[in-house]
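Trainee: File target15.csv follows (CSV, C-alpha atoms and all ligand atoms):
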chain,number,residue,atom,x,y,z
R,276,MET,CA,-13.0,30.5,-12.9
R,277,SER,CA,-13.9,27.2,-11.3
R,278,ASP,CA,-15.4,27.5,-7.8
R,279,ILE,CA,-13.7,24.2,-6.9
R,280,ASP,CA,-10.4,24.8,-5.1
R,281,VAL,CA,-7.7,22.3,-6.2
R,282,THR,CA,-6.0,22.5,-2.8
R,283,THR,CA,-9.3,21.5,-1.2
R,284,LEU,CA,-9.7,18.6,-3.5
R,285,ARG,CA,-6.1,17.3,-2.9
R,286,ASP,CA,-6.6,17.6,0.9
R,287,ALA,CA,-9.9,15.8,0.6
R,288,VAL,CA,-8.3,12.8,-1.0
R,289,ALA,CA,-5.8,12.6,1.9
R,290,LEU,CA,-8.6,12.5,4.5
R,291,PRO,CA,-9.1,9.4,6.6
R,292,THR,CA,-12.5,7.7,6.2
R,293,PRO,CA,-15.0,7.9,7.7
R,294,ALA,CA,-14.6,11.7,7.8
R,295,THR,CA,-17.2,14.4,8.5
R,296,PRO,CA,-17.1,17.7,6.6
R,297,TYR,CA,-16.0,19.2,9.9
R,298,GLN,CA,-13.1,16.8,10.2
R,299,GLY,CA,-12.1,17.8,6.7
R,300,ASP,CA,-12.0,21.4,7.9
R,301,ILE,CA,-9.7,20.4,10.8
R,302,ALA,CA,-7.4,18.3,8.6
R,303,ARG,CA,-7.0,21.3,6.3
R,304,TYR,CA,-6.4,23.7,9.2
R,305,TRP,CA,-3.5,21.5,10.5
R,306,ASN,CA,-2.2,20.7,7.1
R,307,HIS,CA,-1.7,24.4,6.4
R,308,GLU,CA,-0.6,25.4,9.9
R,309,ALA,CA,3.0,26.7,10.1
R,310,ARG,CA,2.9,29.3,12.8
R,311,PRO,CA,6.3,30.5,13.9
R,312,VAL,CA,5.1,30.2,17.5
R,313,ASN,CA,5.0,26.4,17.0
R,314,LEU,CA,7.9,25.8,14.7
R,315,ARG,CA,10.5,28.2,16.2
R,316,LEU,CA,9.8,26.8,19.7
R,317,GLY,CA,10.2,23.2,18.4
R,318,ASP,CA,13.4,24.1,16.7
R,319,VAL,CA,14.9,24.7,20.2
R,320,ASP,CA,15.5,21.0,20.8
R,321,GLY,CA,13.5,19.1,18.1
R,322,LEU,CA,10.4,18.5,20.3
R,323,TYR,CA,7.4,20.0,18.3
R,324,HIS,CA,4.4,20.8,20.4
R,325,HIS,CA,1.0,22.3,19.6
R,326,HIS,CA,0.0,23.1,23.2
R,327,TYR,CA,0.6,25.6,25.9
R,328,GLY,CA,3.0,25.9,28.7
R,329,ILE,CA,2.8,25.7,32.5
R,330,GLY,CA,5.1,26.8,35.4
R,331,ASP,CA,6.9,29.8,36.7
R,332,ILE,CA,9.0,31.9,34.4
R,333,ASP,CA,12.8,31.6,34.9
R,334,HIS,CA,13.7,35.3,34.8
R,335,GLY,CA,17.4,34.5,35.1
R,336,ALA,CA,17.2,32.4,31.9
R,337,LEU,CA,15.3,35.2,30.1
R,338,GLY,CA,17.9,37.9,30.8
R,339,GLU,CA,17.3,41.6,30.1
R,340,PRO,CA,14.5,42.7,27.8
R,341,GLY,CA,16.3,44.6,25.0
R,342,ALA,CA,19.4,42.4,25.1
R,343,ALA,CA,20.4,41.1,21.6
R,344,ASP,CA,19.6,37.5,22.5
R,345,TYR,CA,16.4,38.3,24.5
R,346,GLU,CA,14.0,37.0,21.8
R,347,THR,CA,16.0,33.7,21.5
R,348,ARG,CA,15.9,33.2,25.2
R,349,LEU,CA,12.2,34.0,25.4
R,350,ILE,CA,11.5,31.4,22.7
R,351,ALA,CA,13.5,28.8,24.7
R,352,GLU,CA,11.7,29.7,27.9
R,353,LEU,CA,8.2,29.3,26.3
R,354,HIS,CA,9.3,26.0,24.9
R,355,ARG,CA,10.6,24.8,28.3
R,356,LEU,CA,7.2,25.6,29.7
R,357,GLU,CA,5.4,23.7,26.9
R,358,SER,CA,7.6,20.6,27.6
R,359,ALA,CA,6.9,21.0,31.3
R,360,GLN,CA,3.2,20.7,30.5
R,361,THR,CA,3.9,17.4,28.7
R,362,ASN,CA,5.9,16.2,31.7
R,363,VAL,CA,3.0,16.8,34.0
R,364,LEU,CA,0.7,14.8,31.7
R,365,LEU,CA,3.2,11.9,31.6
R,366,ASP,CA,3.5,12.0,35.4
R,367,HIS,CA,-0.2,11.1,35.6
R,368,LEU,CA,0.0,8.0,33.3
R,369,GLY,CA,1.0,5.8,36.2
R,370,PRO,CA,3.6,3.0,36.0
R,371,ILE,CA,4.3,2.2,32.4
R,372,LYS,CA,6.4,-0.8,31.3
R,373,GLN,CA,8.7,-1.1,28.3
R,374,ASP,CA,6.4,-3.6,26.5
R,375,ASP,CA,3.3,-1.4,27.0
R,376,THR,CA,1.6,0.6,24.2
R,377,LEU,CA,0.5,4.2,24.7
R,378,VAL,CA,-1.9,6.1,22.5
R,379,ASP,CA,-1.6,9.8,21.8
R,380,ALA,CA,-5.0,10.8,20.4
R,381,GLY,CA,-4.6,14.0,18.3
R,382,CYS,CA,-0.8,13.8,18.4
R,383,GLY,CA,0.1,16.9,16.3
R,384,ARG,CA,3.7,16.9,15.3
R,385,GLY,CA,4.5,14.3,17.9
R,386,GLY,CA,6.5,16.1,20.7
R,387,SER,CA,4.5,14.4,23.5
R,388,MET,CA,5.0,11.0,21.8
R,389,VAL,CA,8.8,11.4,21.7
R,390,MET,CA,8.9,12.5,25.3
R,391,ALA,CA,6.7,9.5,26.4
R,392,HIS,CA,9.0,7.1,24.6
R,393,GLN,CA,12.1,8.7,26.0
R,394,ARG,CA,10.7,8.4,29.5
R,395,PHE,CA,9.2,4.9,29.5
R,396,GLY,CA,11.0,3.2,26.6
R,397,CYS,CA,7.7,1.8,25.3
R,398,SER,CA,5.8,2.0,22.0
R,399,VAL,CA,3.7,5.1,21.4
R,400,GLU,CA,1.0,5.2,18.7
R,401,GLY,CA,-0.3,8.6,17.6
R,402,VAL,CA,-3.3,9.6,15.5
R,403,THR,CA,-4.0,12.9,13.8
R,404,LEU,CA,-6.3,14.1,11.0
R,405,SER,CA,-3.4,15.8,9.3
R,406,VAL,CA,-1.2,14.1,6.8
R,407,LYS,CA,1.4,16.9,7.2
R,408,GLN,CA,1.6,16.4,10.9
R,409,ALA,CA,1.8,12.6,10.7
R,410,ASP,CA,4.6,12.8,8.1
R,411,PHE,CA,6.4,15.4,10.3
R,412,ALA,CA,6.1,13.2,13.4
R,413,ASN,CA,7.3,10.1,11.5
R,414,ASN,CA,10.3,12.0,10.0
R,415,ARG,CA,11.3,13.2,13.4
R,416,ALA,CA,11.0,9.6,14.8
R,417,ARG,CA,13.3,8.4,12.0
R,418,GLU,CA,15.8,11.2,12.6
R,419,LEU,CA,15.9,10.1,16.3
R,420,GLY,CA,16.2,6.4,15.3
R,421,ILE,CA,13.0,5.5,17.3
R,422,GLU,CA,10.7,4.9,14.3
R,423,ASN,CA,10.1,1.3,15.4
R,424,ALA,CA,8.6,2.6,18.7
R,425,VAL,CA,7.0,5.9,17.8
R,426,GLN,CA,4.5,6.1,14.9
R,427,ALA,CA,1.9,8.6,13.8
R,428,ARG,CA,-1.0,7.7,11.6
R,429,VAL,CA,-3.7,9.7,9.8
R,430,CYS,CA,-6.9,8.6,11.3
R,431,ASN,CA,-9.9,9.6,13.3
R,432,MET,CA,-9.5,9.4,17.1
R,433,LEU,CA,-13.2,8.4,17.3
R,434,ASP,CA,-12.4,5.3,15.3
R,435,MET,CA,-8.8,4.3,16.1
R,436,PRO,CA,-7.1,1.3,14.4
R,437,PHE,CA,-6.3,-0.4,17.7
R,438,THR,CA,-7.7,-3.6,19.2
R,439,SER,CA,-9.8,-3.5,22.3
R,440,GLY,CA,-7.7,-3.3,25.5
R,441,GLN,CA,-4.5,-2.7,23.5
R,442,ALA,CA,-3.4,0.4,25.3
R,443,ALA,CA,-1.9,0.6,28.8
R,444,ALA,CA,-2.6,4.3,28.8
R,445,SER,CA,-3.9,7.0,26.4
R,446,TRP,CA,-4.3,10.7,26.3
R,447,ASN,CA,-5.5,13.8,24.6
R,448,ASN,CA,-3.2,16.8,24.9
R,449,GLU,CA,-5.3,19.8,23.9
R,450,SER,CA,-7.2,17.8,21.3
R,451,SER,CA,-10.5,16.9,22.9
R,452,MET,CA,-12.2,20.2,21.9
R,453,TYR,CA,-12.5,18.9,18.3
R,454,VAL,CA,-14.9,16.0,19.1
R,455,ASP,CA,-18.0,14.9,20.9
R,456,LEU,CA,-16.8,13.9,24.4
R,457,HIS,CA,-19.1,10.9,24.7
R,458,ASP,CA,-17.9,9.5,21.4
R,459,LEU,CA,-14.2,10.2,22.3
R,460,PHE,CA,-14.4,8.6,25.8
R,461,ALA,CA,-16.2,5.5,24.5
R,462,GLU,CA,-13.3,5.0,22.1
R,463,HIS,CA,-10.7,5.5,24.7
R,464,ALA,CA,-12.5,3.1,27.0
R,465,ARG,CA,-12.5,0.5,24.2
R,466,ILE,CA,-8.8,0.7,23.4
R,467,LEU,CA,-7.7,0.9,27.1
R,468,ALA,CA,-6.9,-2.2,29.1
R,469,THR,CA,-9.0,-2.6,32.3
R,470,GLY,CA,-7.1,-0.6,34.9
R,471,GLY,CA,-5.5,1.5,32.2
R,472,ARG,CA,-5.1,5.2,32.6
R,473,TYR,CA,-6.6,8.0,30.5
R,474,VAL,CA,-5.3,11.6,30.8
R,475,THR,CA,-6.4,14.8,29.2
R,476,ILE,CA,-5.0,18.3,29.5
R,477,THR,CA,-7.6,20.7,28.1
R,478,GLY,CA,-9.1,24.2,28.3
R,479,CYS,CA,-12.8,24.0,29.4
R,480,TRP,CA,-15.4,26.6,30.1
R,481,ASN,CA,-16.3,26.9,33.8
R,482,PRO,CA,-20.0,26.0,34.6
R,483,ILE,CA,-19.7,28.4,37.6
R,484,TYR,CA,-19.5,31.3,35.0
R,485,GLY,CA,-22.8,30.1,33.5
R,486,GLN,CA,-22.2,29.8,29.7
R,487,PRO,CA,-19.2,30.2,27.4
R,488,SER,CA,-17.9,33.8,27.7
R,489,LYS,CA,-17.2,36.0,24.7
R,490,TRP,CA,-13.5,35.1,25.2
R,491,VAL,CA,-14.2,31.4,25.0
R,492,SER,CA,-16.3,32.0,21.9
R,493,GLN,CA,-13.4,33.9,20.4
R,494,ILE,CA,-11.0,31.0,21.1
R,495,ASN,CA,-13.5,28.6,19.5
R,496,ALA,CA,-13.6,30.8,16.3
R,497,HIS,CA,-9.8,31.2,16.2
R,498,PHE,CA,-9.1,27.5,16.3
R,499,GLU,CA,-12.3,26.2,14.7
R,500,CYS,CA,-13.0,24.1,17.8
R,501,ASN,CA,-15.8,23.6,20.3
R,502,ILE,CA,-14.6,24.0,23.9
R,503,HIS,CA,-16.6,21.8,26.3
R,504,SER,CA,-17.5,22.6,29.9
R,505,ARG,CA,-15.9,21.1,32.9
R,506,ARG,CA,-19.3,19.5,33.7
R,507,GLU,CA,-19.4,17.8,30.2
R,508,TYR,CA,-16.0,16.2,30.9
R,509,MET,CA,-17.1,14.7,34.2
R,510,ARG,CA,-20.3,13.5,32.8
R,511,ALA,CA,-18.9,11.9,29.7
R,512,LEU,CA,-16.1,10.2,31.6
R,513,ALA,CA,-18.5,8.7,34.2
R,514,ASP,CA,-20.7,7.5,31.3
R,515,ASN,CA,-17.8,5.7,29.7
R,516,ARG,CA,-16.2,3.6,32.5
R,517,LEU,CA,-13.5,6.3,33.1
R,518,VAL,CA,-13.3,7.2,36.8
R,519,PRO,CA,-11.4,10.4,37.6
R,520,GLN,CA,-8.4,9.8,39.8
R,521,ALA,CA,-7.0,13.3,39.7
R,522,VAL,CA,-8.4,16.7,38.6
R,523,VAL,CA,-5.7,19.4,38.6
R,524,ASP,CA,-6.6,23.0,37.9
R,525,LEU,CA,-3.6,24.3,35.9
R,526,THR,CA,-5.1,27.7,35.2
R,527,ALA,CA,-2.8,29.7,37.6
R,528,ALA,CA,0.1,27.7,36.3
R,529,THR,CA,-0.5,28.5,32.6
R,530,LEU,CA,-1.1,32.3,33.1
R,531,PRO,CA,2.7,33.2,33.3
R,532,TYR,CA,3.2,31.4,29.9
R,533,TRP,CA,0.5,33.5,28.3
R,534,GLU,CA,1.6,36.7,29.8
R,535,LEU,CA,5.2,36.1,28.6
R,536,ARG,CA,4.0,35.0,25.1
R,537,ALA,CA,1.9,38.2,24.8
R,538,THR,CA,5.1,40.2,25.0
R,539,SER,CA,6.9,38.3,22.2
R,540,SER,CA,7.1,38.9,18.5
R,541,LEU,CA,5.4,35.5,18.0
R,542,VAL,CA,1.9,36.7,19.1
R,543,THR,CA,-1.0,35.3,17.1
R,544,GLY,CA,-3.7,37.6,18.4
R,545,ILE,CA,-5.4,35.1,20.6
R,546,GLU,CA,-3.3,35.8,23.7
R,547,GLU,CA,-5.7,38.4,25.1
R,548,ALA,CA,-8.7,36.0,25.0
R,549,PHE,CA,-6.8,33.4,26.9
R,550,ILE,CA,-5.5,35.8,29.5
R,551,ASN,CA,-8.9,37.5,30.0
R,552,SER,CA,-10.9,34.3,30.2
R,553,TYR,CA,-8.5,32.7,32.7
R,554,LYS,CA,-8.6,35.9,34.8
R,555,ASP,CA,-12.4,36.4,34.8
R,556,GLY,CA,-13.0,32.7,35.7
R,557,SER,CA,-14.9,31.8,32.6
R,558,PHE,CA,-12.2,29.4,31.3
R,559,GLN,CA,-10.0,26.8,33.0
R,560,TYR,CA,-6.9,24.8,32.1
R,561,LEU,CA,-7.5,21.4,33.5
R,562,LEU,CA,-5.7,18.0,33.8
R,563,ILE,CA,-8.0,15.1,34.3
R,564,ALA,CA,-6.6,11.6,34.9
R,565,ALA,CA,-9.0,8.7,35.0
R,566,ASP,CA,-8.9,5.0,35.5
R,567,ARG,CA,-10.6,2.6,33.0
R,568,VAL,CA,-12.8,0.4,35.1
R,601,LIG,C1,-3.9,21.6,19.3
R,601,LIG,S1,-3.3,20.2,18.4
R,601,LIG,C2,-2.6,19.3,19.7
R,601,LIG,C3,-1.4,18.4,19.2
R,601,LIG,C4,-0.7,17.6,20.3
R,601,LIG,N1,-1.6,16.8,21.1
R,601,LIG,C5,0.3,18.4,21.1
R,601,LIG,O1,0.1,18.5,22.3
R,601,LIG,O2,1.2,19.0,20.5
R,601,LIG,C6,-4.8,19.3,18.0
R,601,LIG,C7,-4.6,18.0,17.3
R,601,LIG,O3,-5.9,17.3,17.3
R,601,LIG,C8,-6.0,16.6,16.1
R,601,LIG,N2,-7.4,16.2,15.9
R,601,LIG,C9,-8.5,16.9,16.0
R,601,LIG,N3,-9.6,16.2,15.7
R,601,LIG,C10,-9.1,14.9,15.5
R,601,LIG,C11,-9.8,13.7,15.2
R,601,LIG,N4,-11.1,13.6,15.1
R,601,LIG,N5,-9.0,12.6,15.1
R,601,LIG,C12,-7.7,12.7,15.2
R,601,LIG,N6,-7.0,13.8,15.5
R,601,LIG,C13,-7.7,14.9,15.6
R,601,LIG,C14,-5.4,17.5,15.1
R,601,LIG,O4,-5.1,16.9,13.9
R,601,LIG,C15,-4.2,18.1,15.9
R,601,LIG,O5,-3.1,17.2,15.6
Go ahead and express the file in the form of structure tokens.
Ligand SMILES: C[S@@+](CC[C@H](N)C(=O)[O-])C[C@H]1O[C@@H](n2cnc3c(N)ncnc32)[C@H](O)[C@@H]1O
Mentor:
Amino acid sequence: MSDIDVTTLRDAVALPTPATPYQGDIARYWNHEARPVNLRLGDVDGLYHHHYGIGDIDHGALGEPGAADYETRLIAELHRLESAQTNVLLDHLGPIKQDDTLVDAGCGRGGSMVMAHQRFGCSVEGVTLSVKQADFANNRARELGIENAVQARVCNMLDMPFTSGQAAASWNNESSMYVDLHDLFAEHARILATGGRYVTITGCWNPIYGQPSKWVSQINAHFECNIHSRREYMRALADNRLVPQAVVDLTAATLPYWELRATSSLVTGIEEAFINSYKDGSFQYLLIAADRV
């Protein structure tokens, strides 16, 4: 038996260059990802997210546990909270004009890109390491008839195919924990116009706690990522001409989502780590909006 896996070889061919072995791992992870918690939620209205939700649970919409349609309602409610998260990110992009270009770094299956285009009417360029995700996002854009404005590409967000100053705004929605923050923010600062806005929503470990807790380490292992501290975000932004305009602690706002998700049939096993780390103060869910100066 050969010790070379054909799947691995095929995926390797589809990788963008330059790619580190770690980026190869991440591309494979997302090429093979098909968790019901992501797909069934996206099926609700065709907006496919790979991030978490914020806001209060609408118990009226959920109905009674045990009712025949309870699980369907629960899925719709989790999805509503995930789209609410995107709306909060988009609220922080500032005034965007129709002829502007936005960049979604680590765009996943493209839910945030579609929402950004629907809100602002502008072009949205997405990048992901995963061929499967880029194809999925581009197919969705075609189905919606917005393929001229919304486009996903397979490439490395540390080396994006955009000219300097091209983007009016750019963001990372739960994708900054896969890269070195100094490299990432240097690249955002390059593609952003002066005065442009950068926004991230991310989990980060809390320096007040001291070091990453066992729950944070568990989340890193589960997603093959490297969660940074809040302090690292602030330092790397400041070092790269990105001046924080708003820092919003969304930790309390995301807990209801996790507690609801933990009761569903779609659990992935990582719910406890999120709930415990948010509650013991070792982990925070933050939005940071920064101006490119
Ligand atoms: C948790 S998903 C978030 C997807 C999307 N932002 C959302 O909110 O639905 C993480 C994404 O980051 C992307 N990613 C990770 N490292 C990357 C890199 N170096 N360059 C481009 N994309 C990357 C993955 O391919 C994946 O699409």
Trainee: List the neighbours of Arg348 (chain R) out to 10 Å using all atoms listed in the file; skip same-chain residues closer than 6 positions along the sequence, and give me the result as a VMD selection string.
Mentor: chain R and resid 319 336 to 340 342 354
Trainee: Give me the residues within 9 Å of Thr376 (chain R) as an MDAnalysis selection string, counting all atoms listed in the file and dropping any in the same chain fewer than 5 places off.
Mentor: chainID R and resid 371 397:400 441:445
Trainee: How close does each residue of chain R get to ligand LIG 601 (chain R), giving the shortest atom pair and distance in Å to one decimal for every residue with an atom at most 7 Å away, counting only C-alpha atoms and all ligand atoms, sorted by chain and residue number, as CSV?
Mentor:
residue,atom,partner,partner_atom,distance
R:Gln298,CA,R:LIG601,N4,6.2
R:Ile301,CA,R:LIG601,C9,6.4
R:Ala302,CA,R:LIG601,O4,5.9
R:Trp305,CA,R:LIG601,O4,5.9
R:Tyr323,CA,R:LIG601,O2,6.7
R:His324,CA,R:LIG601,O2,3.7
R:His325,CA,R:LIG601,O2,3.4
R:His326,CA,R:LIG601,O1,4.7
R:Ala380,CA,R:LIG601,N6,6.1
R:Gly381,CA,R:LIG601,C8,3.7
R:Cys382,CA,R:LIG601,N1,4.1
R:Gly383,CA,R:LIG601,O5,3.3
R:Arg384,CA,R:LIG601,O2,6.1
R:Gly385,CA,R:LIG601,O2,6.3
R:Gly386,CA,R:LIG601,O2,6.0
R:Ser387,CA,R:LIG601,O1,6.1
R:Val402,CA,R:LIG601,C12,5.4
R:Thr403,CA,R:LIG601,N6,3.6
R:Leu404,CA,R:LIG601,O4,4.2
R:Ser405,CA,R:LIG601,O4,5.0
R:Gln408,CA,R:LIG601,O5,6.7
R:Cys430,CA,R:LIG601,C12,5.7
R:Asn431,CA,R:LIG601,N5,3.6
R:Met432,CA,R:LIG601,N5,3.8
R:Leu433,CA,R:LIG601,N4,6.0
R:Asn447,CA,R:LIG601,N1,6.0
R:Asn448,CA,R:LIG601,N1,4.1
R:Glu449,CA,R:LIG601,C2,5.0
R:Ser450,CA,R:LIG601,O3,4.2
R:Tyr453,CA,R:LIG601,N3,4.7
R:Val454,CA,R:LIG601,N4,6.0
Trainee: Counting only C-alpha atoms, find the residues whose atoms lie at most 10 Å from (6.6, 1.5, 18.5) (file coordinates) and write them out as a ChimeraX atom specification.
Mentor: /R:374-377,392,396-401,416,421-427
Trainee: Excluding His463 (chain R) and residues on its chain fewer than 4 positions from it, collect all residues at most 8 Å away from it, counting all atoms listed in the file, and give them as a ChimeraX atom specification.
Mentor: /R:445,459,467,473
Trainee: What's around Ile476 (chain R) at 10 Å? Count all atoms listed in the file, leave out sequence neighbours fewer than 6 positions away in its own chain, and write the answer as JSON, numbers by chain.
Mentor: {"R": [326, 327, 360, 361, 363, 364, 446, 447, 448, 449, 450, 451, 522, 523, 524, 525, 560, 561, 562, 563, 564]}
Trainee: Which of these residues is nearest to Leu322 (chain R), using all atoms listed in the file: R:Ile483, R:Ala513, R:Leu419, R:Leu456?
Mentor: R:Leu419
Trainee: Between R:Asn313, R:Gln520, R:Thr469, R:Ser504, which is the closest to Ile350 (chain R) once you count only C-alpha atoms?
Mentor: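 So, comparing all the options, the nearest one is R:Asn313.
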Trainee: Which distance in Å separates CA of Met452 (chain R) and CA of Ile502 (chain R), to one decimal?
Mentor: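 Atom-to-atom, CA of Met452 (chain R) to CA of Ile502 (chain R), that is 4.9 Å.
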